[in-house]
Structures are given as structure tokens and as C-alpha cells.
file my_file-v3.cif (mmCIF, C-alpha atoms)
data_start
loop_
_atom_site.label_atom_id
_atom_site.label_comp_id
_atom_site.auth_asym_id
_atom_site.auth_seq_id
_atom_site.Cartn_x
_atom_site.Cartn_y
_atom_site.Cartn_z
CA MET H 713 -1.33 -16.83 26.54
CA THR H 714 -0.41 -17.35 30.16
CA THR H 715 0.82 -13.92 31.25
CA LYS H 716 0.52 -10.61 29.49
CA PRO H 717 3.77 -9.90 27.62
CA SER H 718 5.69 -6.73 28.34
CA GLN H 719 5.62 -3.92 25.81
CA ASP H 720 9.38 -4.30 25.39
CA LYS H 721 8.88 -7.89 24.32
CA ILE H 722 6.15 -6.89 21.91
CA ASP H 723 8.32 -4.14 20.44
CA THR H 724 11.19 -6.55 19.96
CA PHE H 725 8.88 -8.97 18.20
CA PHE H 726 7.55 -6.32 15.83
CA ASN H 727 11.04 -5.03 15.15
CA ALA H 728 12.20 -8.50 14.15
CA LEU H 729 9.06 -9.25 12.17
CA GLN H 730 9.24 -5.99 10.22
CA LEU H 731 12.81 -6.69 9.23
CA SER H 732 11.70 -10.06 7.91
CA LEU H 733 8.68 -9.03 5.85
CA ASP H 734 8.11 -6.88 2.81
CA SER H 735 4.61 -6.04 4.09
CA ARG H 736 4.27 -3.37 6.70
CA VAL H 737 3.25 -4.62 10.15
CA SER H 738 1.97 -2.95 13.27
CA GLN H 739 0.46 -3.85 16.57
CA VAL H 740 -3.32 -3.68 16.61
CA ILE H 741 -4.71 -2.78 19.98
CA ASP H 742 -8.23 -1.59 19.27
CA ILE H 743 -10.33 -4.50 18.17
CA ASP H 744 -14.07 -4.02 17.98
CA PRO H 745 -15.32 -5.94 21.02
CA GLU H 746 -18.77 -6.35 19.48
CA GLU H 747 -17.44 -7.95 16.34
CA TYR H 748 -14.78 -10.13 17.91
CA GLN H 749 -16.22 -11.14 21.25
CA ASN H 750 -14.42 -14.44 21.40
CA LEU H 751 -11.06 -13.00 20.61
CA LYS H 752 -10.41 -10.93 23.68
CA ASN H 753 -6.92 -11.02 25.10
CA LEU H 754 -5.42 -12.40 21.91
CA PHE H 755 -2.64 -10.85 19.91
CA PHE H 756 -3.28 -8.99 16.69
CA VAL H 757 -0.86 -8.02 13.99
CA GLY H 758 -1.93 -5.38 11.51
CA VAL H 759 -0.54 -6.24 8.09
CA ASP H 760 -0.51 -4.00 5.06
CA GLN H 761 -0.17 -7.01 2.78
CA LYS H 762 1.92 -7.20 -0.31
CA GLU H 763 0.77 -9.89 -2.69
CA THR H 764 4.32 -10.83 -3.54
CA ASP H 765 5.37 -11.22 0.08
CA GLU H 766 6.37 -14.87 0.24
CA ARG H 767 7.77 -14.38 3.71
CA LEU H 768 4.41 -13.38 5.09
CA LYS H 769 3.14 -16.77 4.05
CA TYR H 770 6.07 -18.39 5.86
CA PHE H 771 5.25 -16.41 8.97
CA THR H 772 1.59 -17.44 9.01
CA LYS H 773 2.58 -21.08 8.51
CA ILE H 774 5.01 -21.03 11.40
CA ILE H 775 2.91 -19.01 13.83
CA ALA H 776 -0.59 -20.39 14.10
CA GLY H 777 -3.37 -17.88 13.79
CA ARG H 778 -6.16 -16.67 11.55
CA TRP H 779 -6.96 -13.73 9.36
CA LEU H 780 -9.64 -11.29 10.46
CA LYS H 781 -10.36 -9.43 7.26
CA ASP H 782 -7.37 -9.03 4.97
CA ASN H 783 -5.25 -6.91 7.15
CA ILE H 784 -5.37 -8.26 10.69
CA TYR H 785 -3.74 -11.51 11.66
CA CYS H 786 -4.85 -12.90 14.99
CA ILE H 787 -2.10 -14.96 16.54
CA ASP H 788 -3.23 -18.01 18.46
CA ASP H 789 0.19 -19.22 19.49
CA ILE H 790 1.38 -16.11 21.27
CA ASP H 791 3.88 -17.87 23.50
CA THR H 792 5.83 -19.10 20.48
CA ALA H 793 5.51 -15.84 18.58
CA LEU H 794 6.91 -13.78 21.42
CA SER H 795 9.48 -16.34 22.51
CA GLN H 796 13.14 -15.37 22.38
CA GLU H 797 13.68 -18.42 20.24
CA PHE H 798 11.33 -17.23 17.51
CA ILE H 799 12.59 -13.66 17.66
CA ASN H 800 16.13 -14.96 17.26
CA PHE H 801 14.91 -17.08 14.36
CA LEU H 802 13.52 -13.97 12.66
CA MET H 803 16.65 -11.92 13.26
CA LEU H 804 18.90 -14.68 12.01
CA THR H 805 16.94 -15.73 8.95
CA ARG H 806 14.72 -12.76 8.01
CA LEU H 807 12.46 -15.56 6.81
CA ASN H 808 14.78 -16.03 3.84
CA LYS H 809 14.38 -19.57 2.57
CA GLU H 810 18.06 -20.40 2.17
CA ASN H 811 18.88 -18.93 5.57
CA MET H 812 16.14 -20.91 7.26
CA VAL H 813 17.28 -24.21 5.78
CA LYS H 814 20.86 -23.53 6.83
CA LEU H 815 19.91 -22.42 10.33
CA GLY H 816 18.01 -25.65 10.81
CA GLN H 817 21.20 -27.51 9.95
CA ILE H 818 23.34 -25.42 12.30
CA ASP H 819 21.02 -25.52 15.27
CA ARG H 820 18.40 -28.19 15.70
CA GLN H 821 16.24 -26.08 18.02
CA TYR H 822 15.03 -24.13 14.96
CA LYS H 823 14.01 -27.19 12.99
CA ARG H 824 10.54 -27.13 14.50
CA PHE H 825 9.86 -23.85 12.69
CA ILE H 826 11.30 -25.02 9.41
CA LYS H 827 9.42 -28.29 9.43
CA LYS H 828 6.16 -26.37 9.27
CA LEU H 829 7.25 -24.91 5.94
CA ASN H 830 8.12 -28.18 4.22
CA LEU H 831 11.28 -26.66 2.89
CA GLU H 832 13.79 -28.88 1.09
CA GLU H 833 16.41 -30.51 3.28
CA SER H 834 14.38 -29.76 6.39
CA THR H 835 13.78 -33.43 7.18
CA ASN H 836 16.78 -34.95 5.44
CA GLU H 837 17.81 -37.37 8.18
CA VAL H 838 19.75 -40.51 7.50
CA THR H 839 20.30 -43.28 9.99
CA VAL H 840 23.70 -44.92 9.79
CA ASN H 841 24.83 -48.03 11.61
CA SER H 842 28.45 -48.24 10.59
CA ILE H 843 31.40 -46.03 9.70
CA GLU H 844 31.08 -47.29 6.14
CA GLU H 845 27.51 -46.00 5.88
CA ALA H 846 28.55 -42.71 7.44
CA ARG H 847 31.42 -42.38 4.97
CA LEU H 848 29.19 -43.06 1.99
CA HIS H 849 26.64 -40.52 3.18
CA LEU H 850 29.22 -37.82 3.79
CA PHE H 851 30.83 -38.16 0.40
CA ARG H 852 27.41 -38.17 -1.19
CA VAL H 853 26.91 -34.77 0.42
CA VAL H 854 30.34 -33.67 -0.86
CA GLU H 855 29.24 -34.60 -4.35
CA GLN H 856 25.89 -32.81 -4.02
CA LYS H 857 27.65 -29.68 -2.89
CA LYS H 858 30.21 -30.07 -5.72
CA MET H 859 32.97 -29.55 -3.24
CA THR H 860 36.56 -30.42 -4.06
CA LEU H 861 38.83 -32.20 -1.59
CA ARG H 862 41.02 -29.10 -1.57
CA VAL H 863 38.18 -26.88 -0.36
CA LEU H 864 37.09 -29.54 2.11
CA ALA H 865 40.64 -29.79 3.43
CA GLU H 866 40.72 -26.01 3.98
CA GLN H 867 37.44 -26.07 5.86
CA THR H 868 38.23 -29.08 8.01
CA LYS H 869 41.94 -28.46 8.50
CA MET H 870 42.61 -32.01 7.41
CA THR H 871 45.01 -32.83 4.62
CA GLN H 872 43.74 -33.80 1.22
CA VAL H 873 45.59 -37.10 1.60
CA ALA H 874 43.77 -37.88 4.86
CA LEU H 875 40.43 -37.08 3.25
CA SER H 876 41.22 -39.16 0.23
CA ASN H 877 42.27 -42.07 2.43
CA PHE H 878 39.09 -41.80 4.43
CA LYS H 879 37.08 -41.74 1.22
CA ASN H 880 38.83 -44.93 0.17
CA GLY H 881 38.14 -46.78 3.37
CA SER H 882 40.67 -45.75 6.01
CA ASN H 883 39.56 -44.67 9.45
CA ILE H 884 39.87 -41.15 10.79
CA ARG H 885 39.83 -39.67 14.26
CA LEU H 886 36.48 -38.82 15.77
CA SER H 887 37.51 -35.16 16.02
CA ASN H 888 38.24 -35.11 12.29
CA PHE H 889 34.95 -36.85 11.56
CA ILE H 890 33.11 -34.16 13.50
CA SER H 891 35.01 -31.41 11.65
CA LEU H 892 34.06 -33.02 8.38
CA CYS H 893 30.39 -33.14 9.36
CA LYS H 894 30.46 -29.50 10.43
CA ALA H 895 32.08 -28.41 7.18
CA LEU H 896 29.35 -30.19 5.23
CA GLY H 897 26.53 -28.92 7.40
CA VAL H 898 25.72 -32.44 8.58
CA THR H 899 24.42 -32.78 12.11
CA ILE H 900 25.11 -35.91 14.11
CA VAL H 901 22.32 -37.08 16.38
CA LEU H 902 22.95 -39.74 19.02
CA ASN H 903 19.71 -41.53 19.65
CA ASN H 904 19.02 -43.43 22.83
CA ASP H 905 16.05 -44.20 25.06
CA GLN H 906 16.44 -40.91 26.93
CA GLY H 907 15.98 -38.90 23.76
CA ASP H 908 18.18 -37.21 21.20
CA SER H 909 21.46 -35.53 21.90
CA LYS H 910 22.69 -33.11 19.29
CA PHE H 911 26.35 -33.40 18.46
CA MET Y 1202 22.04 -10.63 -3.37
CA ILE Y 1203 25.56 -9.18 -3.66
CA PRO Y 1204 26.31 -8.15 -7.22
CA LYS Y 1205 29.46 -9.24 -9.01
CA PRO Y 1206 31.92 -6.58 -7.95
CA LYS Y 1207 33.06 -5.37 -11.32
CA SER Y 1208 29.65 -5.10 -12.93
CA GLN Y 1209 28.21 -1.67 -13.59
CA PRO Y 1210 25.67 -0.43 -11.06
CA LEU Y 1211 22.26 -1.67 -11.92
CA LEU Y 1212 20.65 1.55 -10.82
CA THR Y 1213 21.61 5.17 -11.35
CA ASN Y 1214 21.28 7.81 -8.67
CA LYS Y 1215 18.30 9.21 -10.49
CA LYS Y 1216 16.53 5.85 -10.43
CA ILE Y 1217 17.40 5.35 -6.79
CA ARG Y 1218 15.86 8.71 -5.89
CA LEU Y 1219 12.69 7.74 -7.76
CA LEU Y 1220 12.55 4.39 -6.02
CA ILE Y 1221 12.94 6.02 -2.63
CA ALA Y 1222 10.31 8.64 -3.46
CA LYS Y 1223 7.84 5.91 -4.44
CA GLY Y 1224 8.99 3.47 -1.82
CA GLU Y 1225 7.32 2.68 1.42
CA LYS Y 1226 9.09 3.72 4.54
CA GLN Y 1227 9.32 0.80 6.90
CA PRO Y 1228 9.88 1.42 10.53
CA LEU Y 1229 13.03 -0.20 11.77
CA ALA Y 1230 11.14 -0.53 15.01
CA VAL Y 1231 7.67 0.21 16.19
CA GLU Y 1232 8.33 1.84 19.54
CA SER Y 1233 12.03 2.08 20.18
CA PRO Y 1234 14.73 2.94 17.70
CA TYR Y 1235 16.77 0.17 16.16
CA PRO Y 1236 19.94 -0.13 18.18
CA SER Y 1237 22.50 1.94 16.42
CA ARG Y 1238 26.10 2.52 17.19
CA GLY Y 1239 26.59 4.37 13.94
CA GLN Y 1240 27.56 7.89 13.23
CA THR Y 1241 24.35 8.70 11.41
CA ALA Y 1242 21.72 11.26 12.21
CA TRP Y 1243 19.03 9.48 10.17
CA GLN Y 1244 18.55 5.83 9.36
CA LEU Y 1245 15.56 4.96 7.22
CA LEU Y 1246 14.52 1.72 5.60
CA TYR Y 1247 12.47 1.70 2.42
CA GLN Y 1248 10.65 -1.14 0.72
CA THR Y 1249 10.87 -0.43 -3.01
CA LYS Y 1250 10.32 -2.22 -6.29
CA ALA Y 1251 14.02 -2.93 -6.37
CA GLY Y 1252 14.05 -4.43 -2.90
CA ARG Y 1253 14.84 -3.00 0.47
CA LEU Y 1254 17.04 0.11 0.54
CA PHE Y 1255 18.63 1.69 3.57
CA LEU Y 1256 19.15 5.44 3.68
CA LYS Y 1257 21.68 7.05 5.97
CA LYS Y 1258 22.11 10.75 6.40
CA THR Y 1259 24.84 12.25 8.54
CA SER Y 1260 25.12 15.61 10.22
CA LYS Y 1261 27.87 18.06 11.17
CA LYS Y 1262 27.63 16.76 14.70
CA ASN Y 1263 28.43 13.24 13.48
CA HIS Y 1264 31.60 14.54 11.82
CA ILE Y 1265 32.69 16.38 14.94
CA GLU Y 1266 32.06 13.36 17.18
CA CYS Y 1267 33.92 11.06 14.81
CA CYS Y 1268 36.76 13.56 14.29
CA ILE Y 1269 36.25 13.48 10.54
CA ASN Y 1270 37.58 16.33 8.43
CA GLU Y 1271 34.55 16.94 6.27
CA ASN Y 1272 36.56 19.04 3.85
CA SER Y 1273 38.80 16.11 3.09
CA GLY Y 1274 35.88 13.77 2.69
CA SER Y 1275 32.57 13.52 4.49
CA LEU Y 1276 31.45 10.30 6.22
CA ALA Y 1277 29.11 9.56 3.33
CA GLN Y 1278 31.85 10.16 0.78
CA ARG Y 1279 34.28 7.94 2.67
CA GLU Y 1280 31.74 5.16 2.79
CA PHE Y 1281 31.14 5.55 -0.94
CA TRP Y 1282 34.87 5.57 -1.75
CA CYS Y 1283 35.30 2.39 0.28
CA PHE Y 1284 32.48 0.83 -1.69
CA CYS Y 1285 34.13 1.82 -4.98
CA LEU Y 1286 37.43 0.44 -3.78
CA ALA Y 1287 35.84 -2.83 -2.69
CA ARG Y 1288 34.26 -3.22 -6.11
CA ALA Y 1289 37.51 -2.43 -7.86
CA VAL Y 1290 39.36 -5.21 -6.02
CA GLY Y 1291 36.56 -7.74 -6.21
CA LEU Y 1292 35.48 -7.75 -2.56
CA PRO Y 1293 31.73 -8.41 -2.38
CA VAL Y 1294 29.92 -5.68 -0.46
CA PRO Y 1295 26.32 -4.42 -0.67
CA GLU Y 1296 25.64 -1.90 -3.44
CA LEU Y 1297 25.88 1.67 -2.27
CA TRP Y 1298 24.93 5.01 -3.80
CA LEU Y 1299 26.08 8.47 -2.80
CA LEU Y 1300 23.13 10.80 -3.12
CA ASP Y 1301 24.84 13.90 -1.75
CA LYS Y 1302 27.64 14.81 0.59
CA GLU Y 1303 25.69 13.65 3.62
CA THR Y 1304 23.57 10.83 2.27
CA THR Y 1305 24.10 7.28 1.15
CA ILE Y 1306 21.69 4.55 0.14
CA GLN Y 1307 22.69 0.96 0.62
CA ARG Y 1308 21.09 -2.26 -0.44
CA TRP Y 1309 19.69 -4.03 2.61
CA LEU Y 1310 20.71 -7.66 2.93
CA ASP Y 1311 18.99 -10.47 4.79
CA PHE Y 1312 21.83 -11.44 7.04
CA PRO Y 1313 22.34 -10.78 10.72
CA ASP Y 1314 25.27 -8.69 11.79
CA GLY Y 1315 28.07 -10.24 13.80
CA HIS Y 1316 26.61 -8.99 17.06
CA ILE Y 1317 23.19 -10.53 16.48
CA PHE Y 1318 24.63 -13.83 15.30
CA SER Y 1319 27.11 -14.26 18.12
CA THR Y 1320 24.54 -13.22 20.74
CA SER Y 1321 21.81 -15.53 19.43
CA LEU Y 1322 23.73 -18.49 18.19
CA GLY Y 1323 27.34 -18.35 19.23
CA LYS Y 1324 30.58 -18.83 17.40
CA MET Y 1325 30.93 -17.64 13.86
CA ASN Y 1326 33.00 -19.86 11.62
CA PHE Y 1327 35.05 -17.89 9.17
CA LEU Y 1328 36.98 -18.93 6.11
CA PRO Y 1329 40.63 -17.86 6.19
CA GLN Y 1330 40.59 -16.47 2.66
CA ASN Y 1331 37.58 -14.29 3.48
CA VAL Y 1332 39.12 -13.06 6.75
CA TYR Y 1333 42.38 -12.28 4.94
CA GLU Y 1334 40.68 -10.30 2.19
CA CYS Y 1335 38.51 -8.32 4.62
CA ALA Y 1336 41.46 -7.63 6.90
CA LEU Y 1337 43.62 -6.43 4.00
CA PHE Y 1338 40.82 -4.14 2.91
CA ASP Y 1339 40.19 -2.79 6.41
CA TRP Y 1340 43.90 -2.11 6.89
CA LEU Y 1341 44.22 -0.40 3.53
CA THR Y 1342 41.20 1.82 4.18
CA GLY Y 1343 42.35 2.60 7.73
CA GLN Y 1344 39.05 1.36 9.13
CA VAL Y 1345 38.78 2.41 12.79
CA ASP Y 1346 35.27 1.23 13.61
CA ARG Y 1347 34.91 -2.42 12.63
CA HIS Y 1348 32.92 -3.54 15.66
CA ASP Y 1349 30.61 -6.53 15.56
CA ALA Y 1350 27.62 -4.60 14.22
CA ASN Y 1351 29.62 -3.26 11.27
CA TYR Y 1352 29.80 -6.50 9.39
CA LEU Y 1353 27.16 -8.99 8.40
CA TYR Y 1354 27.63 -12.70 8.73
CA ASP Y 1355 26.39 -14.86 5.87
CA TYR Y 1356 26.25 -18.11 7.78
CA VAL Y 1357 25.12 -20.03 4.72
CA ASN Y 1358 28.47 -19.41 3.06
CA LYS Y 1359 30.46 -18.61 6.23
CA ARG Y 1360 31.31 -15.21 4.85
CA ILE Y 1361 31.89 -11.80 6.42
CA ILE Y 1362 30.24 -8.95 4.52
CA LEU Y 1363 31.68 -5.55 5.41
CA ILE Y 1364 29.17 -2.73 5.86
CA ASP Y 1365 29.21 0.80 7.31
CA SER Y 1366 32.75 1.56 6.29
CA ALA Y 1367 32.35 5.33 6.73
CA HIS Y 1368 34.71 5.77 9.64
CA SER Y 1369 37.85 5.24 7.62
CA LEU Y 1370 40.54 6.73 5.41
CA LEU Y 1371 42.00 8.74 8.26
CA ALA Y 1372 45.64 9.56 8.87
CA HIS Y 1373 45.77 7.09 11.73
CA THR Y 1374 44.81 3.42 12.04
CA GLY Y 1375 42.58 1.82 14.63
CA SER Y 1376 42.51 -1.40 16.61
CA LEU Y 1377 41.97 -4.88 15.20
CA PRO Y 1378 38.62 -5.40 13.50
CA ASP Y 1379 36.30 -7.49 15.66
CA TYR Y 1380 36.27 -10.49 13.31
CA LEU Y 1381 40.06 -10.46 13.23
CA LYS Y 1382 40.29 -10.51 17.01
CA MET Y 1383 37.99 -13.51 17.13
CA TYR Y 1384 39.86 -15.27 14.38
CA GLU Y 1385 43.19 -14.70 16.10
CA PHE Y 1386 41.97 -16.38 19.27
CA SER Y 1387 40.05 -19.23 17.71
CA GLU Y 1388 42.22 -20.22 14.74
CA VAL Y 1389 45.76 -19.96 16.00
CA ASN Y 1390 47.01 -22.58 13.56
CA GLU Y 1391 45.74 -20.68 10.53
CA LEU Y 1392 47.45 -17.38 11.20
CA GLN Y 1393 50.80 -18.19 9.66
CA LYS Y 1394 49.50 -19.89 6.53
CA VAL Y 1395 50.26 -18.09 3.30
CA ILE Y 1396 47.11 -16.99 1.52
CA GLN Y 1397 46.79 -15.69 -1.99
CA THR Y 1398 43.47 -14.91 -3.61
CA LYS Y 1399 42.46 -12.88 -6.62
CA THR Y 1400 41.08 -10.14 -4.38
CA SER Y 1401 44.12 -10.04 -2.11
CA GLU Y 1402 46.40 -9.69 -5.11
CA GLN Y 1403 44.17 -6.98 -6.59
CA ILE Y 1404 44.43 -5.06 -3.32
CA LYS Y 1405 48.20 -5.32 -3.11
CA LYS Y 1406 48.81 -4.56 -6.77
CA PHE Y 1407 46.82 -1.34 -6.71
CA LYS Y 1408 48.79 1.61 -8.07
CA VAL Y 1409 48.98 4.66 -5.81
CA ALA Y 1410 47.84 7.00 -8.56
CA LYS Y 1411 44.77 4.92 -9.29
CA LEU Y 1412 44.07 4.59 -5.57
CA LYS Y 1413 44.18 8.35 -5.08
CA LYS Y 1414 41.87 8.82 -8.01
CA LEU Y 1415 39.38 6.36 -6.59
CA VAL Y 1416 39.71 7.84 -3.11
CA PRO Y 1417 40.19 11.59 -3.68
CA LEU Y 1418 40.95 12.67 -0.12
CA LYS Y 1419 41.77 16.35 0.02
CA ASP Y 1420 43.80 16.25 3.23
CA LYS Y 1421 47.43 15.56 2.36
CA LYS Y 1422 48.14 13.60 5.54
CA GLU Y 1423 45.17 11.33 5.00
CA SER Y 1424 46.09 10.79 1.38
CA GLU Y 1425 49.70 9.96 2.23
CA ALA Y 1426 48.61 7.64 5.03
CA LEU Y 1427 46.50 5.74 2.52
CA ALA Y 1428 49.47 5.35 0.18
CA ASN Y 1429 51.65 4.25 3.10
CA ARG Y 1430 49.19 1.60 4.16
CA LEU Y 1431 49.16 0.26 0.62
CA GLN Y 1432 52.94 0.10 0.70
CA GLN Y 1433 52.88 -1.72 4.04
CA LEU Y 1434 50.68 -4.43 2.59
CA GLN Y 1435 53.28 -5.44 0.02
CA GLY Y 1436 55.15 -7.62 2.46
CA VAL Y 1437 52.04 -9.25 3.89
CA ASN Y 1438 50.81 -12.65 2.82
CA THR Y 1439 49.40 -14.13 6.04
CA ILE Y 1440 46.73 -13.14 8.51
CA ARG Y 1441 49.47 -12.93 11.13
CA GLY Y 1442 51.15 -10.36 8.90
CA ILE Y 1443 48.10 -8.09 8.95
CA ILE Y 1444 47.73 -8.47 12.72
CA SER Y 1445 51.36 -7.43 13.07
CA LEU Y 1446 50.69 -4.24 11.13
CA TYR Y 1447 47.95 -3.34 13.61
CA ARG Y 1448 50.33 -4.01 16.46
CA GLY Y 1449 52.99 -1.74 15.01
CA GLY Y 1450 55.05 -4.43 13.38
CA ILE Y 1451 55.36 -6.64 16.50
#
call {"tool": "encode", "arguments": {"input": "my_file-v3.cif", "output": "C-alpha cells"}}
result
Amino acid sequence: MTTKPSQDKIDTFFNALQLSLDSRVSQVIDIDPEEYQNLKNLFFVGVDQKETDERLKYFTKIIAGRWLKDNIYCIDDIDTALSQEFINFLMLTRLNKENMVKLGQIDRQYKRFIKKLNLEESTNEVTVNSIEEARLHLFRVVEQKKMTLRVLAEQTKMTQVALSNFKNGSNIRLSNFISLCKALGVTIVLNNDQGDSKF
Amino acid sequence: MIPKPKSQPLLTNKKIRLLIAKGEKQPLAVESPYPSRGQTAWQLLYQTKAGRLFLKKTSKKNHIECCINENSGSLAQREFWCFCLARAVGLPVPELWLLDKETTIQRWLDFPDGHIFSTSLGKMNFLPQNVYECALFDWLTGQVDRHDANYLYDYVNKRIILIDSAHSLLAHTGSLPDYLKMYEFSEVNELQKVIQTKTSEQIKKFKVAKLKKLVPLKDKKESEALANRLQQLQGVNTIRGIISLYRGGI
């Protein structure tokens, strides 16, 4: 931890974490210095654990740390835990599995949290080199989601005829292609030597 | 997470009270109170065997500040009547129980509200059918407080979930619900499209007598205003149509 976080930041973190867990959490300030000499200046979360709290397990997988006894979790990666990014992640997903998977699809910046959980679809990336490959992939997704062309047309504002034509090999505008990807929750990544650009 | 609207409640009031009594109070925040723009004196979150339940208790002061005639229907009662109405027309909303005239319990859902989502992530993408149904419902119930923290956003299914509908069923109407304002600006081409869903038809086909039974407002003006709003919906079949009602028919 580089600088000591403000109490406001800590409160915000605990607020978000409590809303995400079934177990009760609290900030632990008084750690026995004799017993935990090497753990000074680290961040401790008191946890009144519930055995059935799946989300607690998610939290400890995402935020590196260790258990001191059964009810105190010592966070090693404090910068990540108290980052606005992680707090937003908690508030948006409440560590609900389905929400987390979807959020990773909507915004790539959250994928790094989801990858630590090995959730389904978290690393489902396909490289395509032609419009044909892209078309096949998209309509595979349509089939997986059991979506009709009518529903897809409503969500993309394209006509069913245009979608059907695209499915059968016609080209579509780039703007329509992007709408189609968005409707299906498919993220386009442009890869070059300077790194990824999310699209 | 949201029960099928027409199913019977899974839990009775008696069971809910027991769950709350045995439940564990969870702080909504450790140091500072959870940001609330509501009209409630108390807001308490409980972790119970049946999941997370949210208790809200209002006070006389709340009613005065919100200009609610408690004798016609308290804030808690209005919220409960809106819940019953939503279930009757098939609009998915969180389960809600009326414990007494001041107190409701609501099932807590794992979605951010509109404010949190738009602040953290940005634009919400709504489905026109969902917007239409919610807007019809908010117009019918004379909702005057649909700001961005009074609906949840299920971003997995791109769905608005209406919550905190207490400030409603008055003799007057309010301004456009927040989601409707956003939709109007962002989806101009969708506003004039005719929409017909099972829920929208259920709302419009409601009989006045049944509506008054479900929403037993004691104030005559409020009751008549409710019936009038139902009547006004008969000619509406687009989102533009609902917006026009809010703007006085313009």
C-alpha cells in the first residue's frame, strides 16, 4: 500500500462489500501487534462467515490476501481492493455470477477480476480474419442465446430481411455490424502492435 | 429473483416477521448512511434464510414532507398497492409485504440502481417494450418520484425494475420518469412505433371498479384521478403517446 487510504474510501469499500456478501463484514483496526508483527500497516476485514456464502469465496479469489483465524481476512492487494474500479465492480455486480459475466462482456476493464474466478464465458475470445468468419460466429451466438430474428431486429433496429440477408451471405454496414455485436453481447477487439483497442 | 407476477406470495406476513426477527441486521454502511433520497425514516437490511430483505418504515414527518394524505393511503400502503397492481398486470417488480401502515418489507435484488449504473458505467440500453410497460404503469399510478435511484437496472437482460413506488396515486401527476427522459433523447426513432405487449394490454384493459378495489384510496379526488389516468391510457399505443400525456397532450 503506497499511501494510507482515507476513511471515506474505506467506508465506501465496506459499504459496497457488505452489499455484495451474505456474511457480515467490518473493518478491523486492532490487531495484536505481538501476534502479527509482520502484518503491520496492512488492511484487515473482519468477516462473520456464512458457510453458504459463495460470494465471499469470489471476493477472496479476486482480492489477494490470507485468512488470520476464521474471521479476519488480511488483504495484501489493498490498492486494488480500495480502487474505484473494484468498488464499482462490487456495486454493479454484487458478486452475482451472472452479473459478473455480463459486466465483463460490457466493459473489458472488469475482465481482469472475472478471469480470476474462472467463470464460464470469461475467456471466450474468438479471432476472426474475414467477414464470413465473423458472420458464422455471430449467428452461432444467436443460436446459443435462442434468439429469434424478430427479437434481434428489435434490439439492433435492423429489419429482419436485412438480418436474414446478412445471415445468408450479404454484406451489412459497419454500424449495423456493431449494433448486432452489441445486441449479442459480443465485444470487438482490434489488435495491433500498440495493444488492444476495445470497440 | 423476480417471481412470476401472478403467483401467490411465497411468504405470508407472519413468516416474514419471523424471518426478520431471526434475521441478521446488515449495516447498509459502516460509517456513513447509505445515500438515500427516499421518504423513509428507517431503512434496514436483513440477511435471512429467505434471502436479503429490506425494511422501510415511514414517519408522520415523511408524509408531511411528501404532501401525502395519510388518511387516504399512507406511503407504505401506496407502495403496497402499486406492488399489487404491478403483479395484477404482469409487470415484474420485487416482492413486497405490508407489515403495518408505516412499514413495508421488500425483497432485495442484486442489481444497481439507475444512478449507480449510469455513474459507474454510462449509458443504459433499454428495450422499448420494457420502457413502454414501465411508463404506462408510472402514468397510471401517478408516480411523481421516478428519479434514477428509484429503479434498478438489470443490465444482463436490459430491463428496468421499478422500486420505491410509494410517492404515487396522488390527484396530480409529476414530470417524466428519469428512464423515459433518457429514452426520449437517445431513441428518437423508437418513440412513434406502436407497441403492444401482454402487460400493456392488461394495464389498459383494467376495469375501474377492479382498479379501485385493488387501490382503495379514500380521498375522492385521488381516486377519480386514478380512474382518469386509466381512461387517458386508452388512446395510447406508443412511447410518444405516454410522453404526450406528461406534457399535457402536446
call {"tool": "residues_around", "arguments": {"input": "my_file-v3.cif", "residues": "segment 799-816 of chain H", "least_positions_apart": "6", "cutoff": "8 Å", "atoms": "only C-alpha atoms", "output": "list in words"}}
result
Thr724, Phe725, Ala728, Leu729, Leu731, Ser732, Leu733, Arg767, Tyr770, Phe771, Ala793, Tyr822, Lys823, Ile826, Leu831, Glu832, Glu833, Ser834 and Gly897 of chain H; Asp1311, Phe1312, Pro1313, Ile1317, Phe1318, Ser1321, Tyr1356 and Val1357 of chain Y
call {"tool": "residues_around", "arguments": {"input": "my_file-v3.cif", "residues": "Gly1274 of chain Y", "least_positions_apart": "2", "cutoff": "9 Å", "atoms": "all atoms listed in the file", "output": "PyMOL selection string"}}
result
chain Y and resi 1269-1272+1276-1279+1302+1370+1417-1420
call {"tool": "atom_distance", "arguments": {"input": "my_file-v3.cif", "atom1": "atom CA of Arg1360 of chain Y", "atom2": "atom CA of Tyr1380 of chain Y"}}
result
10.9 Å
call {"tool": "residues_around", "arguments": {"input": "my_file-v3.cif", "residues": "Gly1375 of chain Y", "least_positions_apart": "4", "cutoff": "8 Å", "atoms": "all atoms listed in the file", "output": "list in words"}}
result
Gly1343, Gln1344, Val1345, Asp1346 and Tyr1447 of chain Y
call {"tool": "resolve_selection", "arguments": {"input": "my_file-v3.cif", "expression": "the PyMOL selection byres ((chain Y and resi 1242) around 6)", "output": "compact mmCIF listing (two decimals) with C-alpha atoms, in the frame of the given file"}}
result
# COMPACT_ATOMS: atom_id res chain seq x y z
CA THR Y 1241 24.35 8.70 11.41
CA TRP Y 1243 19.03 9.48 10.17
CA LYS Y 1258 22.11 10.75 6.40
CA THR Y 1259 24.84 12.25 8.54
CA SER Y 1260 25.12 15.61 10.22
